[in-house]
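Q: Below is the file input_1.txt, which contains compact mmCIF, N, CA and C atoms.
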```
# COMPACT_ATOMS: atom_id res chain seq x y z
N MET V 925 96.53 86.78 123.43
CA MET V 925 95.92 87.72 122.50
C MET V 925 96.97 88.17 121.48
N VAL V 926 96.60 88.18 120.21
CA VAL V 926 97.48 88.61 119.13
C VAL V 926 97.23 90.07 118.84
N LYS V 927 98.29 90.87 118.86
CA LYS V 927 98.17 92.31 118.58
C LYS V 927 98.69 92.59 117.18
N ALA V 928 97.97 93.44 116.47
CA ALA V 928 98.39 93.83 115.12
C ALA V 928 99.70 94.59 115.18
N HIS V 929 100.59 94.32 114.27
CA HIS V 929 101.88 94.99 114.11
C HIS V 929 102.78 94.83 115.32
N ASP V 930 102.53 93.80 116.08
CA ASP V 930 103.39 93.44 117.21
C ASP V 930 104.26 92.29 116.71
N ALA V 931 105.52 92.25 117.07
CA ALA V 931 106.43 91.22 116.55
C ALA V 931 105.91 89.82 116.83
N LEU V 932 105.50 89.55 118.04
CA LEU V 932 104.98 88.22 118.38
C LEU V 932 103.69 87.94 117.62
N GLY V 933 102.82 88.93 117.51
CA GLY V 933 101.58 88.77 116.77
C GLY V 933 101.84 88.44 115.31
N ASP V 934 102.80 89.14 114.71
CA ASP V 934 103.15 88.88 113.31
C ASP V 934 103.68 87.45 113.12
N VAL V 935 104.50 86.99 114.05
CA VAL V 935 105.05 85.63 113.97
C VAL V 935 103.93 84.60 114.07
N ILE V 936 102.99 84.81 114.97
CA ILE V 936 101.87 83.87 115.14
C ILE V 936 101.02 83.82 113.86
N VAL V 937 100.71 84.97 113.30
CA VAL V 937 99.91 85.01 112.07
C VAL V 937 100.65 84.31 110.93
N LEU V 938 101.94 84.59 110.77
CA LEU V 938 102.72 83.95 109.70
C LEU V 938 102.82 82.44 109.90
N LYS V 939 102.97 82.01 111.14
CA LYS V 939 103.02 80.56 111.44
C LYS V 939 101.70 79.91 111.05
N ASN V 940 100.59 80.53 111.40
CA ASN V 940 99.28 79.97 111.04
C ASN V 940 99.09 79.94 109.52
N LEU V 941 99.53 80.99 108.85
CA LEU V 941 99.45 81.02 107.39
C LEU V 941 100.29 79.91 106.78
N PHE V 942 101.50 79.74 107.29
CA PHE V 942 102.37 78.68 106.79
C PHE V 942 101.73 77.31 106.99
N ASP V 943 101.17 77.06 108.16
CA ASP V 943 100.51 75.78 108.43
C ASP V 943 99.37 75.53 107.44
N LYS V 944 98.60 76.57 107.14
CA LYS V 944 97.49 76.44 106.18
C LYS V 944 98.03 76.13 104.78
N LEU V 945 99.09 76.83 104.39
CA LEU V 945 99.69 76.57 103.07
C LEU V 945 100.21 75.14 102.96
N ILE V 946 100.84 74.66 104.02
CA ILE V 946 101.39 73.30 104.03
C ILE V 946 100.27 72.27 103.88
N ASP V 947 99.12 72.56 104.48
CA ASP V 947 97.97 71.65 104.35
C ASP V 947 97.45 71.60 102.91
N GLU V 948 97.57 72.71 102.19
CA GLU V 948 96.97 72.82 100.85
C GLU V 948 97.97 72.64 99.71
N GLN V 949 99.26 72.84 99.96
CA GLN V 949 100.26 72.85 98.89
C GLN V 949 101.39 71.86 99.19
N ASN V 950 102.09 71.49 98.14
CA ASN V 950 103.26 70.64 98.26
C ASN V 950 104.46 71.52 98.60
N MET V 951 105.23 71.16 99.62
CA MET V 951 106.37 71.97 100.07
C MET V 951 107.39 72.15 98.94
N ALA V 952 107.69 71.12 98.19
CA ALA V 952 108.67 71.23 97.10
C ALA V 952 108.19 72.23 96.03
N GLU V 953 106.90 72.23 95.72
CA GLU V 953 106.36 73.16 94.74
C GLU V 953 106.40 74.59 95.26
N MET V 954 106.14 74.76 96.57
CA MET V 954 106.22 76.12 97.14
C MET V 954 107.65 76.64 97.11
N ILE V 955 108.60 75.79 97.42
CA ILE V 955 110.01 76.20 97.38
C ILE V 955 110.40 76.56 95.95
N GLU V 956 109.98 75.75 94.99
CA GLU V 956 110.27 76.02 93.58
C GLU V 956 109.66 77.35 93.14
N ALA V 957 108.40 77.59 93.49
CA ALA V 957 107.71 78.83 93.11
C ALA V 957 108.38 80.05 93.73
N CYS V 958 108.87 79.92 94.94
CA CYS V 958 109.49 81.06 95.63
C CYS V 958 110.92 81.32 95.17
N SER V 959 111.51 80.38 94.45
CA SER V 959 112.90 80.55 94.04
C SER V 959 113.04 81.27 92.70
N LYS V 960 111.93 81.49 92.02
CA LYS V 960 111.96 82.15 90.71
C LYS V 960 111.44 83.57 90.83
N PRO V 961 111.93 84.47 89.96
CA PRO V 961 111.38 85.83 89.98
C PRO V 961 109.92 85.84 89.54
N ILE V 962 109.19 86.81 90.02
CA ILE V 962 107.78 86.96 89.70
C ILE V 962 107.65 87.82 88.44
N LEU V 963 106.79 87.39 87.53
CA LEU V 963 106.50 88.18 86.34
C LEU V 963 105.35 89.12 86.68
N LEU V 964 105.65 90.41 86.79
CA LEU V 964 104.65 91.39 87.18
C LEU V 964 103.78 91.76 85.98
N GLU V 965 102.55 92.11 86.26
CA GLU V 965 101.64 92.51 85.20
C GLU V 965 101.59 94.03 85.05
N TYR V 966 101.68 94.75 86.19
CA TYR V 966 101.54 96.20 86.20
C TYR V 966 102.80 96.87 86.75
N MET V 967 103.12 98.02 86.20
CA MET V 967 104.24 98.83 86.69
C MET V 967 103.92 99.27 88.12
N PRO V 968 104.81 99.00 89.07
CA PRO V 968 104.50 99.32 90.46
C PRO V 968 104.89 100.72 90.93
N MET V 969 105.52 101.52 90.05
CA MET V 969 106.05 102.81 90.53
C MET V 969 106.16 103.82 89.40
N GLY V 970 106.45 105.04 89.78
CA GLY V 970 106.80 106.07 88.82
C GLY V 970 105.65 106.60 87.98
N LYS V 971 106.03 107.28 86.93
CA LYS V 971 105.09 107.95 86.03
C LYS V 971 104.06 106.99 85.44
N PHE V 972 104.45 105.74 85.21
CA PHE V 972 103.56 104.76 84.58
C PHE V 972 103.00 103.75 85.58
N LYS V 973 103.00 104.11 86.84
CA LYS V 973 102.47 103.21 87.88
C LYS V 973 101.05 102.77 87.52
N GLY V 974 100.83 101.46 87.61
CA GLY V 974 99.51 100.90 87.33
C GLY V 974 99.27 100.53 85.88
N GLU V 975 100.18 100.88 84.99
CA GLU V 975 100.00 100.54 83.57
C GLU V 975 100.55 99.14 83.29
N LEU V 976 99.98 98.49 82.33
CA LEU V 976 100.40 97.14 81.95
C LEU V 976 101.81 97.15 81.36
N PHE V 977 102.64 96.23 81.80
CA PHE V 977 103.97 96.11 81.22
C PHE V 977 103.90 95.76 79.74
N SER V 978 102.92 94.95 79.36
CA SER V 978 102.79 94.59 77.94
C SER V 978 102.54 95.82 77.08
N SER V 979 101.80 96.78 77.58
CA SER V 979 101.55 98.03 76.86
C SER V 979 102.79 98.92 76.86
N LEU V 980 103.46 99.00 78.00
CA LEU V 980 104.67 99.82 78.08
C LEU V 980 105.75 99.29 77.15
N ALA V 981 105.83 97.98 77.00
CA ALA V 981 106.84 97.39 76.12
C ALA V 981 106.63 97.77 74.67
N LEU V 982 105.41 98.10 74.31
CA LEU V 982 105.12 98.54 72.94
C LEU V 982 105.23 100.05 72.79
N ASN V 983 104.78 100.80 73.79
CA ASN V 983 104.65 102.25 73.65
C ASN V 983 105.69 103.08 74.40
N GLU V 984 106.39 102.49 75.34
CA GLU V 984 107.38 103.22 76.14
C GLU V 984 108.67 102.42 76.27
N ARG V 985 109.10 101.83 75.17
CA ARG V 985 110.29 100.98 75.19
C ARG V 985 111.52 101.74 75.69
N SER V 986 111.66 102.98 75.27
CA SER V 986 112.85 103.74 75.68
C SER V 986 112.88 103.92 77.19
N THR V 987 111.72 104.08 77.80
CA THR V 987 111.66 104.20 79.26
C THR V 987 112.11 102.91 79.92
N LEU V 988 111.64 101.78 79.40
CA LEU V 988 112.02 100.49 79.98
C LEU V 988 113.52 100.23 79.78
N HIS V 989 114.04 100.58 78.60
CA HIS V 989 115.49 100.42 78.37
C HIS V 989 116.27 101.34 79.31
N PHE V 990 115.79 102.55 79.51
CA PHE V 990 116.45 103.47 80.43
C PHE V 990 116.49 102.88 81.84
N MET V 991 115.37 102.30 82.26
CA MET V 991 115.32 101.68 83.59
C MET V 991 116.33 100.53 83.70
N LEU V 992 116.43 99.73 82.65
CA LEU V 992 117.40 98.63 82.67
C LEU V 992 118.83 99.14 82.78
N ASP V 993 119.11 100.23 82.06
CA ASP V 993 120.48 100.77 82.02
C ASP V 993 120.86 101.56 83.27
N LYS V 994 119.91 102.28 83.84
CA LYS V 994 120.25 103.27 84.87
C LYS V 994 119.82 102.91 86.30
N PHE V 995 118.84 102.02 86.45
CA PHE V 995 118.31 101.74 87.78
C PHE V 995 118.87 100.42 88.32
N ASP V 996 118.98 100.35 89.62
CA ASP V 996 119.34 99.12 90.31
C ASP V 996 118.02 98.41 90.62
N LEU V 997 117.55 97.59 89.68
CA LEU V 997 116.23 96.98 89.78
C LEU V 997 116.28 95.70 90.60
N ASP V 998 115.18 95.44 91.31
CA ASP V 998 115.10 94.16 92.01
C ASP V 998 114.88 93.06 90.98
N GLU V 999 115.02 91.82 91.43
CA GLU V 999 114.97 90.67 90.53
C GLU V 999 113.65 90.57 89.77
N ASP V 1000 112.54 90.89 90.42
CA ASP V 1000 111.24 90.79 89.78
C ASP V 1000 111.08 91.84 88.66
N LEU V 1001 111.47 93.08 88.93
CA LEU V 1001 111.37 94.13 87.90
C LEU V 1001 112.30 93.85 86.73
N LEU V 1002 113.51 93.43 87.01
CA LEU V 1002 114.47 93.10 85.97
C LEU V 1002 113.92 91.99 85.07
N HIS V 1003 113.42 90.93 85.69
CA HIS V 1003 112.83 89.82 84.95
C HIS V 1003 111.63 90.27 84.12
N THR V 1004 110.76 91.05 84.72
CA THR V 1004 109.53 91.50 84.05
C THR V 1004 109.84 92.38 82.85
N ILE V 1005 110.68 93.38 83.03
CA ILE V 1005 111.02 94.29 81.93
C ILE V 1005 111.69 93.54 80.79
N THR V 1006 112.66 92.71 81.12
CA THR V 1006 113.36 91.93 80.10
C THR V 1006 112.39 91.02 79.35
N HIS V 1007 111.52 90.35 80.08
CA HIS V 1007 110.53 89.45 79.47
C HIS V 1007 109.63 90.20 78.48
N HIS V 1008 109.05 91.32 78.92
CA HIS V 1008 108.10 92.05 78.07
C HIS V 1008 108.78 92.71 76.87
N LEU V 1009 109.99 93.19 77.04
CA LEU V 1009 110.71 93.76 75.90
C LEU V 1009 110.99 92.68 74.85
N GLU V 1010 111.42 91.53 75.32
CA GLU V 1010 111.72 90.42 74.39
C GLU V 1010 110.45 89.89 73.73
N ALA V 1011 109.38 89.74 74.51
CA ALA V 1011 108.13 89.18 73.99
C ALA V 1011 107.49 90.08 72.93
N SER V 1012 107.72 91.38 73.02
CA SER V 1012 107.09 92.32 72.09
C SER V 1012 108.01 92.75 70.95
N LYS V 1013 109.19 92.23 70.93
CA LYS V 1013 110.21 92.67 69.96
C LYS V 1013 109.74 92.58 68.51
N GLU V 1014 108.99 91.55 68.19
CA GLU V 1014 108.53 91.35 66.81
C GLU V 1014 107.40 92.30 66.42
N ASN V 1015 106.79 92.97 67.40
CA ASN V 1015 105.62 93.81 67.14
C ASN V 1015 105.93 95.30 67.16
N ILE V 1016 107.19 95.65 67.08
CA ILE V 1016 107.55 97.07 67.17
C ILE V 1016 108.29 97.53 65.93
N VAL V 1017 108.29 98.82 65.73
CA VAL V 1017 109.11 99.46 64.71
C VAL V 1017 110.10 100.34 65.46
N VAL V 1018 111.38 100.07 65.28
CA VAL V 1018 112.42 100.82 65.98
C VAL V 1018 112.62 102.16 65.30
N THR V 1019 112.46 103.23 66.08
CA THR V 1019 112.66 104.59 65.56
C THR V 1019 113.66 105.34 66.42
N ILE V 1020 114.18 106.41 65.86
CA ILE V 1020 115.06 107.30 66.60
C ILE V 1020 114.18 108.13 67.54
N GLY V 1021 114.58 108.23 68.80
CA GLY V 1021 113.74 108.92 69.78
C GLY V 1021 114.20 110.32 70.12
N PHE V 1022 115.11 110.88 69.33
CA PHE V 1022 115.68 112.19 69.66
C PHE V 1022 116.25 112.84 68.40
N GLY V 1023 116.60 114.08 68.54
CA GLY V 1023 117.32 114.78 67.47
C GLY V 1023 116.51 115.09 66.23
N LYS V 1024 117.24 115.44 65.19
CA LYS V 1024 116.58 115.91 63.97
C LYS V 1024 115.81 114.82 63.24
N TYR V 1025 116.07 113.57 63.54
CA TYR V 1025 115.36 112.47 62.88
C TYR V 1025 114.42 111.73 63.84
N LYS V 1026 114.01 112.41 64.87
CA LYS V 1026 113.12 111.80 65.86
C LYS V 1026 111.87 111.24 65.17
N GLY V 1027 111.53 109.99 65.49
CA GLY V 1027 110.36 109.35 64.93
C GLY V 1027 110.60 108.60 63.64
N GLN V 1028 111.80 108.74 63.06
CA GLN V 1028 112.11 108.04 61.81
C GLN V 1028 112.86 106.74 62.10
N THR V 1029 112.71 105.79 61.21
CA THR V 1029 113.42 104.52 61.34
C THR V 1029 114.83 104.66 60.77
N PRO V 1030 115.75 103.82 61.19
CA PRO V 1030 117.08 103.84 60.58
C PRO V 1030 117.03 103.62 59.07
N GLN V 1031 116.09 102.79 58.59
CA GLN V 1031 115.95 102.56 57.15
C GLN V 1031 115.60 103.87 56.42
N GLN V 1032 114.71 104.66 57.00
CA GLN V 1032 114.33 105.93 56.39
C GLN V 1032 115.51 106.89 56.36
N ILE V 1033 116.25 106.94 57.44
CA ILE V 1033 117.39 107.87 57.53
C ILE V 1033 118.49 107.46 56.56
N ALA V 1034 118.71 106.16 56.40
CA ALA V 1034 119.77 105.67 55.51
C ALA V 1034 119.59 106.12 54.07
N GLN V 1035 118.36 106.39 53.67
CA GLN V 1035 118.09 106.80 52.30
C GLN V 1035 118.67 108.18 51.97
N HIS V 1036 118.82 109.04 53.00
CA HIS V 1036 119.31 110.39 52.70
C HIS V 1036 120.43 110.87 53.61
N ASP V 1037 120.75 110.15 54.70
CA ASP V 1037 121.81 110.61 55.59
C ASP V 1037 122.48 109.42 56.29
N ARG V 1038 123.11 108.59 55.50
CA ARG V 1038 123.79 107.41 56.03
C ARG V 1038 124.87 107.80 57.06
N GLY V 1039 125.47 108.94 56.87
CA GLY V 1039 126.50 109.41 57.79
C GLY V 1039 125.99 109.59 59.21
N TYR V 1040 124.74 109.99 59.33
CA TYR V 1040 124.14 110.15 60.67
C TYR V 1040 124.09 108.81 61.39
N LEU V 1041 123.71 107.78 60.65
CA LEU V 1041 123.67 106.44 61.25
C LEU V 1041 125.07 105.95 61.61
N GLU V 1042 126.04 106.26 60.78
CA GLU V 1042 127.43 105.89 61.08
C GLU V 1042 127.90 106.61 62.33
N TRP V 1043 127.53 107.88 62.46
CA TRP V 1043 127.88 108.64 63.65
C TRP V 1043 127.23 108.01 64.89
N MET V 1044 125.95 107.64 64.78
CA MET V 1044 125.27 107.01 65.91
C MET V 1044 125.93 105.68 66.28
N ARG V 1045 126.31 104.91 65.26
CA ARG V 1045 126.97 103.63 65.52
C ARG V 1045 128.29 103.83 66.26
N ASP V 1046 129.05 104.85 65.85
CA ASP V 1046 130.39 105.06 66.41
C ASP V 1046 130.41 105.90 67.69
N LYS V 1047 129.52 106.86 67.79
CA LYS V 1047 129.58 107.81 68.91
C LYS V 1047 128.39 107.76 69.86
N GLY V 1048 127.30 107.16 69.44
CA GLY V 1048 126.10 107.14 70.27
C GLY V 1048 126.29 106.29 71.51
N GLU V 1049 126.27 106.92 72.66
CA GLU V 1049 126.51 106.21 73.91
C GLU V 1049 125.21 105.82 74.61
N ASN V 1050 124.21 106.63 74.53
CA ASN V 1050 122.98 106.39 75.30
C ASN V 1050 121.83 105.93 74.43
N ILE V 1051 122.11 105.07 73.48
CA ILE V 1051 121.03 104.54 72.67
C ILE V 1051 120.81 103.07 73.04
N SER V 1052 119.60 102.62 72.90
CA SER V 1052 119.25 101.26 73.31
C SER V 1052 119.94 100.23 72.43
N SER V 1053 120.08 99.05 72.98
CA SER V 1053 120.68 97.95 72.22
C SER V 1053 119.84 97.61 70.99
N GLU V 1054 118.52 97.75 71.11
CA GLU V 1054 117.64 97.48 69.96
C GLU V 1054 117.92 98.46 68.82
N LEU V 1055 118.06 99.73 69.16
CA LEU V 1055 118.34 100.74 68.14
C LEU V 1055 119.71 100.50 67.53
N LYS V 1056 120.70 100.19 68.36
CA LYS V 1056 122.04 99.90 67.83
C LYS V 1056 121.99 98.71 66.87
N ASP V 1057 121.28 97.66 67.25
CA ASP V 1057 121.16 96.49 66.39
C ASP V 1057 120.51 96.84 65.05
N GLU V 1058 119.46 97.67 65.12
CA GLU V 1058 118.76 98.06 63.90
C GLU V 1058 119.66 98.92 62.99
N ILE V 1059 120.43 99.81 63.59
CA ILE V 1059 121.37 100.64 62.84
C ILE V 1059 122.42 99.77 62.16
N LEU V 1060 122.95 98.81 62.90
CA LEU V 1060 123.96 97.91 62.33
C LEU V 1060 123.38 97.09 61.19
N LYS V 1061 122.14 96.65 61.34
CA LYS V 1061 121.48 95.87 60.29
C LYS V 1061 121.35 96.70 59.02
N VAL V 1062 120.95 97.96 59.17
CA VAL V 1062 120.79 98.84 58.01
C VAL V 1062 122.13 99.16 57.37
N LEU V 1063 123.13 99.45 58.18
CA LEU V 1063 124.44 99.81 57.63
C LEU V 1063 125.15 98.63 56.96
N ASN V 1064 124.85 97.43 57.40
CA ASN V 1064 125.51 96.24 56.85
C ASN V 1064 124.80 95.67 55.62
N LYS V 1065 123.72 96.32 55.18
CA LYS V 1065 123.01 95.85 53.97
C LYS V 1065 123.81 96.15 52.74
```
Write the structure described by the file as structure tokens, please.
A:
Amino acid sequence: MVKAHDALGDVIVLKNLFDKLIDEQNMAEMIEACSKPILLEYMPMGKFKGELFSSLALNERSTLHFMLDKFDLDEDLLHTITHHLEASKENIVVTIGFGKYKGQTPQQIAQHDRGYLEWMRDKGENISSELKDEILKVLNK
């Protein structure tokens, strides 16, 4: 008799599952599929749990960048966040997310306060790589 949540019962169930998979799938393909990180569709935790990563990459980029910088992410989350940020890069407008110019683009700020962008370039420690790149692009024009 197999008991739920019993070590022997779990082994028997997993063995039967493996046998069924082997009957239906190629072992080399299963090994290949298991060796790559999984691209997740939905955020599995936190404030945005259950939301689409594709939507978060457009509307909550700073949160995803913060997670990349500050969290020890597993391989699947790291792969997923990086993928969605890169895939959506062409569809976003980079803005300042803090301070007196919150919501403005570096291009807008450069028209009246280039020094602020220079300060951000030189002293800004906690800004995303995308924002830094955009600032450098504007300052190098």
Q: Skip Glu975 in chain V itself and residues of its chain fewer than 3 positions away, then list as JSON, numbers by chain all residues within 6 Å of it, counting only N, CA and C atoms.
A: {"V": [965, 966, 967, 972]}
Q: Can you tell me how far atom C of Asp998 in chain V sits from atom C of Ala957 in chain V, in Å to one decimal?
A: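 According to the coordinates, atom C of Asp998 in chain V and atom C of Ala957 in chain V are separated by 14.8 Å.
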Q: Calculate how many Å separate CA of Glu984 in chain V from CA of Leu1055 in chain V, rounding to one decimal.
A: 13.8 Å
Q: Write out as a PyMOL selection string each polymer residue whose atoms come within 8 Å of range 1041-1051 of chain V, counting all atoms listed in the file; drop sequence neighbours fewer than 6 positions from it.
A: chain V and resi 989+1030+1033-1034+1057+1059-1060+1063
Q: For CA of His1003 in chain V and CA of Cys958 in chain V, quote the distance in Å rounded to one decimal.
A: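 Taking CA of His1003 in chain V as the start and CA of Cys958 in chain V as the end point, the length is 14.2 Å.
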Q: Pick from V:Pro961, V:Ile946, V:Gly933, V:Ser1052: nearest to Ser986 in chain V, with all atoms listed in the file counted?
A: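 The shortest atom-to-atom distance to Ser986 in chain V comes from V:Ser1052.
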Q: Counting all atoms listed in the file, figure out which residue out of V:Ala981, V:Val937, V:Asp943, V:Asp1000 gets nearest to Leu964 in chain V.
A: V:Asp1000
Q: Restricting the calculation to only N, CA and C atoms: of V:Met951, V:Ile962, V:Val935, V:Leu982, which residue gets closest to Val1017 in chain V?
A: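 Between V:Met951, V:Ile962, V:Val935, V:Leu982, the residue approaching Val1017 in chain V most closely is V:Leu982.
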Q: As JSON, numbers by chain, please: all residues of chain V that backbone DSSP puts in helix (DSSP H, G or I).
A: {"V": [931, 932, 933, 934, 935, 936, 937, 938, 939, 940, 941, 942, 943, 944, 945, 946, 947, 948, 951, 952, 953, 954, 955, 956, 957, 958, 977, 978, 979, 980, 981, 982, 983, 985, 986, 987, 988, 989, 990, 991, 992, 993, 994, 999, 1000, 1001, 1002, 1003, 1004, 1005, 1006, 1007, 1008, 1009, 1010, 1011, 1013, 1014, 1015, 1023, 1024, 1025, 1030, 1031, 1032, 1033, 1034, 1038, 1039, 1040, 1041, 1042, 1043, 1044, 1045, 1046, 1047, 1053, 1054, 1055, 1056, 1057, 1058, 1059, 1060, 1061, 1062, 1063]}
